[in-house]
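Below is one structure, written out as structure tokens; comments come after it.
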Amino acid sequence: MSSGTPSVLFVCVHNAGRSQMAAGFLRHLAGERIEVRSAGSMPAEQINPVAVAAMAEVGVDITAEQPKVLTTEAVQDSDVVITMGCGDACPFFPGKRYEDWKLEDPAGQGIEAVRPIRDEIRKRIEDLVESLR
């Protein structure tokens, strides 16, 4: 890790659902111990309101977040890059830890379909936090 605080970047296409939920969980569970970023290769106008609602159900507020565009600098400044279906748009830099999380896209789905995606993301975040200790 580059400094005393590891940094994690979550990347998906729209930065409106999966990556925002993952970033929200990581902030919630790790606090200041891990620096958190998220971005999208083609960011949406706003975060998926169903993802916001699903996170609110478990006490994590992501309403203030906005989709952000993926930059080379964000990747360079991160120790761990977790992709969630961004395909070839994610730049690769040697020496970074990369993980590709295969998760269903919550876009256009109702809350019943988004809850299992949210719960899978939380489990993966808990494992990630443990691996970064």
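Every chain in the structure tokens takes a letter, A first, then B, and so on in the order presented; its residues are numbered from 1, and the ligands are numbered from 1 following the presented order.
Here the DSSP assignment of strand (DSSP E), based on backbone atoms, applies within region 31-120 of chain A to Glu35, Val36, Arg37, Ser38, Ala39, Gly40, Val80, Val81, Ile82, Thr83, Arg97, Tyr98, Glu99 and Asp100 of chain A.
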Keeping only all heavy atoms, take the residues you just selected and write them out as an mmCIF file, in the first residue's frame.
data_model
loop_
_atom_site.group_PDB
_atom_site.id
_atom_site.type_symbol
_atom_site.label_atom_id
_atom_site.label_comp_id
_atom_site.auth_asym_id
_atom_site.auth_seq_id
_atom_site.Cartn_x
_atom_site.Cartn_y
_atom_site.Cartn_z
ATOM 1 N N GLU A 35 -9.383 4.577 2.328
ATOM 2 C CA GLU A 35 -9.833 5.642 1.437
ATOM 3 C C GLU A 35 -10.685 5.013 0.344
ATOM 4 O O GLU A 35 -10.300 4.000 -0.248
ATOM 5 C CB GLU A 35 -8.625 6.351 0.834
ATOM 6 C CG GLU A 35 -8.978 7.569 0.018
ATOM 7 C CD GLU A 35 -7.741 8.260 -0.521
ATOM 8 O OE1 GLU A 35 -6.630 8.010 -0.028
ATOM 9 O OE2 GLU A 35 -7.916 9.050 -1.466
ATOM 10 N N VAL A 36 -11.848 5.608 0.073
ATOM 11 C CA VAL A 36 -12.817 5.015 -0.845
ATOM 12 C C VAL A 36 -13.082 5.939 -2.023
ATOM 13 O O VAL A 36 -13.317 7.136 -1.844
ATOM 14 C CB VAL A 36 -14.154 4.736 -0.112
ATOM 15 C CG1 VAL A 36 -15.147 4.071 -1.054
ATOM 16 C CG2 VAL A 36 -13.927 3.889 1.131
ATOM 17 N N ARG A 37 -13.056 5.354 -3.235
ATOM 18 C CA ARG A 37 -13.396 6.086 -4.463
ATOM 19 C C ARG A 37 -14.343 5.214 -5.280
ATOM 20 O O ARG A 37 -14.308 3.992 -5.179
ATOM 21 C CB ARG A 37 -12.155 6.338 -5.321
ATOM 22 C CG ARG A 37 -11.078 7.159 -4.679
ATOM 23 C CD ARG A 37 -9.895 7.312 -5.665
ATOM 24 N NE ARG A 37 -8.882 8.151 -5.091
ATOM 25 C CZ ARG A 37 -7.841 7.707 -4.404
ATOM 26 N NH1 ARG A 37 -7.661 6.417 -4.221
ATOM 27 N NH2 ARG A 37 -6.956 8.550 -3.917
ATOM 28 N N SER A 38 -15.132 5.851 -6.127
ATOM 29 C CA SER A 38 -15.919 5.101 -7.104
ATOM 30 C C SER A 38 -16.019 5.936 -8.373
ATOM 31 O O SER A 38 -15.917 7.168 -8.318
ATOM 32 C CB SER A 38 -17.318 4.763 -6.562
ATOM 33 O OG SER A 38 -18.112 5.920 -6.472
ATOM 34 N N ALA A 39 -16.198 5.243 -9.492
ATOM 35 C CA ALA A 39 -16.265 5.935 -10.776
ATOM 36 C C ALA A 39 -16.919 5.023 -11.797
ATOM 37 O O ALA A 39 -17.071 3.824 -11.577
ATOM 38 C CB ALA A 39 -14.868 6.342 -11.243
ATOM 39 N N GLY A 40 -17.270 5.620 -12.942
ATOM 40 C CA GLY A 40 -17.881 4.850 -14.014
ATOM 41 C C GLY A 40 -17.268 5.192 -15.356
ATOM 42 O O GLY A 40 -16.831 6.320 -15.572
ATOM 43 N N VAL A 80 -6.193 -0.751 -4.594
ATOM 44 C CA VAL A 80 -7.054 -1.851 -5.023
ATOM 45 C C VAL A 80 -8.092 -1.284 -5.983
ATOM 46 O O VAL A 80 -8.721 -0.268 -5.683
ATOM 47 C CB VAL A 80 -7.760 -2.513 -3.819
ATOM 48 C CG1 VAL A 80 -8.640 -3.668 -4.279
ATOM 49 C CG2 VAL A 80 -6.753 -2.977 -2.777
ATOM 50 N N VAL A 81 -8.260 -1.932 -7.137
ATOM 51 C CA VAL A 81 -9.255 -1.522 -8.124
ATOM 52 C C VAL A 81 -10.221 -2.690 -8.301
ATOM 53 O O VAL A 81 -9.810 -3.779 -8.699
ATOM 54 C CB VAL A 81 -8.603 -1.145 -9.469
ATOM 55 C CG1 VAL A 81 -9.668 -0.755 -10.494
ATOM 56 C CG2 VAL A 81 -7.575 -0.036 -9.287
ATOM 57 N N ILE A 82 -11.485 -2.433 -7.977
ATOM 58 C CA ILE A 82 -12.500 -3.470 -8.091
ATOM 59 C C ILE A 82 -13.444 -3.083 -9.210
ATOM 60 O O ILE A 82 -14.099 -2.041 -9.151
ATOM 61 C CB ILE A 82 -13.251 -3.662 -6.764
ATOM 62 C CG1 ILE A 82 -12.248 -4.142 -5.714
ATOM 63 C CG2 ILE A 82 -14.409 -4.649 -6.941
ATOM 64 C CD1 ILE A 82 -12.784 -4.281 -4.338
ATOM 65 N N THR A 83 -13.481 -3.923 -10.241
ATOM 66 C CA THR A 83 -14.339 -3.657 -11.392
ATOM 67 C C THR A 83 -15.612 -4.482 -11.281
ATOM 68 O O THR A 83 -15.610 -5.581 -10.725
ATOM 69 C CB THR A 83 -13.610 -3.967 -12.709
ATOM 70 O OG1 THR A 83 -13.215 -5.346 -12.716
ATOM 71 C CG2 THR A 83 -12.386 -3.078 -12.884
ATOM 72 N N ARG A 97 -3.656 -4.064 -7.193
ATOM 73 C CA ARG A 97 -4.457 -5.262 -6.948
ATOM 74 C C ARG A 97 -5.798 -5.058 -7.650
ATOM 75 O O ARG A 97 -6.509 -4.099 -7.375
ATOM 76 C CB ARG A 97 -4.659 -5.443 -5.443
ATOM 77 C CG ARG A 97 -5.607 -6.579 -5.073
ATOM 78 C CD ARG A 97 -5.673 -6.722 -3.567
ATOM 79 N NE ARG A 97 -6.897 -7.361 -3.147
ATOM 80 C CZ ARG A 97 -7.289 -7.443 -1.882
ATOM 81 N NH1 ARG A 97 -6.541 -6.920 -0.925
ATOM 82 N NH2 ARG A 97 -8.420 -8.023 -1.580
ATOM 83 N N TYR A 98 -6.106 -5.946 -8.579
ATOM 84 C CA TYR A 98 -7.355 -5.875 -9.327
ATOM 85 C C TYR A 98 -8.241 -7.052 -8.947
ATOM 86 O O TYR A 98 -7.764 -8.168 -8.799
ATOM 87 C CB TYR A 98 -7.099 -5.933 -10.838
ATOM 88 C CG TYR A 98 -6.547 -4.661 -11.407
ATOM 89 C CD1 TYR A 98 -5.178 -4.427 -11.435
ATOM 90 C CD2 TYR A 98 -7.390 -3.674 -11.922
ATOM 91 C CE1 TYR A 98 -4.659 -3.249 -11.951
ATOM 92 C CE2 TYR A 98 -6.879 -2.501 -12.448
ATOM 93 C CZ TYR A 98 -5.517 -2.300 -12.454
ATOM 94 O OH TYR A 98 -5.005 -1.132 -12.968
ATOM 95 N N GLU A 99 -9.532 -6.771 -8.800
ATOM 96 C CA GLU A 99 -10.531 -7.815 -8.616
ATOM 97 C C GLU A 99 -11.700 -7.481 -9.529
ATOM 98 O O GLU A 99 -12.075 -6.315 -9.647
ATOM 99 C CB GLU A 99 -11.029 -7.869 -7.160
ATOM 100 C CG GLU A 99 -9.984 -8.301 -6.162
ATOM 101 C CD GLU A 99 -10.533 -8.410 -4.748
ATOM 102 O OE1 GLU A 99 -11.768 -8.508 -4.570
ATOM 103 O OE2 GLU A 99 -9.723 -8.386 -3.809
ATOM 104 N N ASP A 100 -12.259 -8.488 -10.167
ATOM 105 C CA ASP A 100 -13.451 -8.282 -10.989
ATOM 106 C C ASP A 100 -14.597 -9.014 -10.300
ATOM 107 O O ASP A 100 -14.580 -10.238 -10.200
ATOM 108 C CB ASP A 100 -13.240 -8.815 -12.405
ATOM 109 C CG ASP A 100 -14.435 -8.511 -13.293
ATOM 110 O OD1 ASP A 100 -15.004 -7.401 -13.173
ATOM 111 O OD2 ASP A 100 -14.814 -9.383 -14.092
#
Nearest to Ile117 (chain A) among A:Val50, A:Leu29, A:Ser131, A:Val11, with distances taken over only C-alpha atoms: which residue is it?
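Smallest distance to Ile117 (chain A) is found for A:Val50.
CA of Ile34 (chain A) is found 20.3 Å from CA of Phe93 (chain A).
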Nearby residues (only C-alpha atoms) at most 9 Å from region 16-22 of chain A, same-chain spacing under 6 positions excluded, as JSON, numbers by chain
{"A": [9, 10, 38, 39, 40, 43, 44, 45, 46, 47, 48, 49, 50, 51, 52, 54, 55, 60, 62, 65, 66, 67, 68, 82, 83, 84, 103, 104, 105, 106, 107, 117, 118, 121, 122, 124, 125]}
List every residue of chain A that DSSP, applied to the backbone of this structure, places in alpha helix (DSSP H), and write the result as a ChimeraX atom specification.
/A:18-30,49-57,72-76,111-131
Keeping only C-alpha atoms, take the residues you just selected and write them out as a CSV table (one decimal), in the first residue's frame.
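Produced file result-v8.csv, reproduced below:
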chain,number,residue,atom,x,y,z
A,18,ARG,CA,-23.1,-1.5,-7.8
A,19,SER,CA,-20.1,0.7,-7.4
A,20,GLN,CA,-22.0,3.2,-5.3
A,21,MET,CA,-23.4,0.5,-3.0
A,22,ALA,CA,-19.9,-1.0,-2.6
A,23,ALA,CA,-18.4,2.4,-1.8
A,24,GLY,CA,-21.2,3.1,0.7
A,25,PHE,CA,-20.6,-0.1,2.5
A,26,LEU,CA,-16.9,0.3,2.6
A,27,ARG,CA,-17.2,3.8,4.0
A,28,HIS,CA,-19.7,2.6,6.6
A,29,LEU,CA,-17.7,-0.5,7.7
A,30,ALA,CA,-14.2,0.9,7.5
A,49,PRO,CA,-32.9,5.5,-6.6
A,50,VAL,CA,-33.6,1.8,-6.0
A,51,ALA,CA,-30.0,1.3,-4.9
A,52,VAL,CA,-30.3,4.3,-2.6
A,53,ALA,CA,-33.5,2.8,-1.1
A,54,ALA,CA,-31.9,-0.6,-0.7
A,55,MET,CA,-28.9,0.9,1.1
A,56,ALA,CA,-31.2,3.0,3.4
A,57,GLU,CA,-32.9,-0.2,4.5
A,72,THR,CA,-6.5,7.4,-15.1
A,73,GLU,CA,-5.5,9.4,-12.0
A,74,ALA,CA,-8.2,7.6,-9.8
A,75,VAL,CA,-6.7,4.3,-10.9
A,76,GLN,CA,-3.2,5.4,-10.3
A,111,ILE,CA,-36.2,-3.3,-4.8
A,112,GLU,CA,-36.9,-7.1,-4.5
A,113,ALA,CA,-34.2,-7.8,-7.1
A,114,VAL,CA,-31.7,-5.2,-5.8
A,115,ARG,CA,-31.7,-6.5,-2.2
A,116,PRO,CA,-29.8,-9.8,-3.0
A,117,ILE,CA,-27.3,-7.7,-5.0
A,118,ARG,CA,-26.8,-5.4,-2.1
A,119,ASP,CA,-26.4,-8.3,0.3
A,120,GLU,CA,-23.8,-9.9,-1.9
A,121,ILE,CA,-21.9,-6.6,-2.2
A,122,ARG,CA,-21.9,-6.3,1.6
A,123,LYS,CA,-20.4,-9.8,2.0
A,124,ARG,CA,-17.7,-9.0,-0.5
A,125,ILE,CA,-16.9,-5.7,1.3
A,126,GLU,CA,-16.6,-7.5,4.6
A,127,ASP,CA,-14.1,-9.9,3.1
A,128,LEU,CA,-12.3,-7.0,1.5
A,129,VAL,CA,-12.0,-5.1,4.8
A,130,GLU,CA,-10.6,-8.2,6.4
A,131,SER,CA,-8.0,-8.7,3.6
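CA of Met42 (chain A) is found 16.5 Å from CA of Gly108 (chain A).
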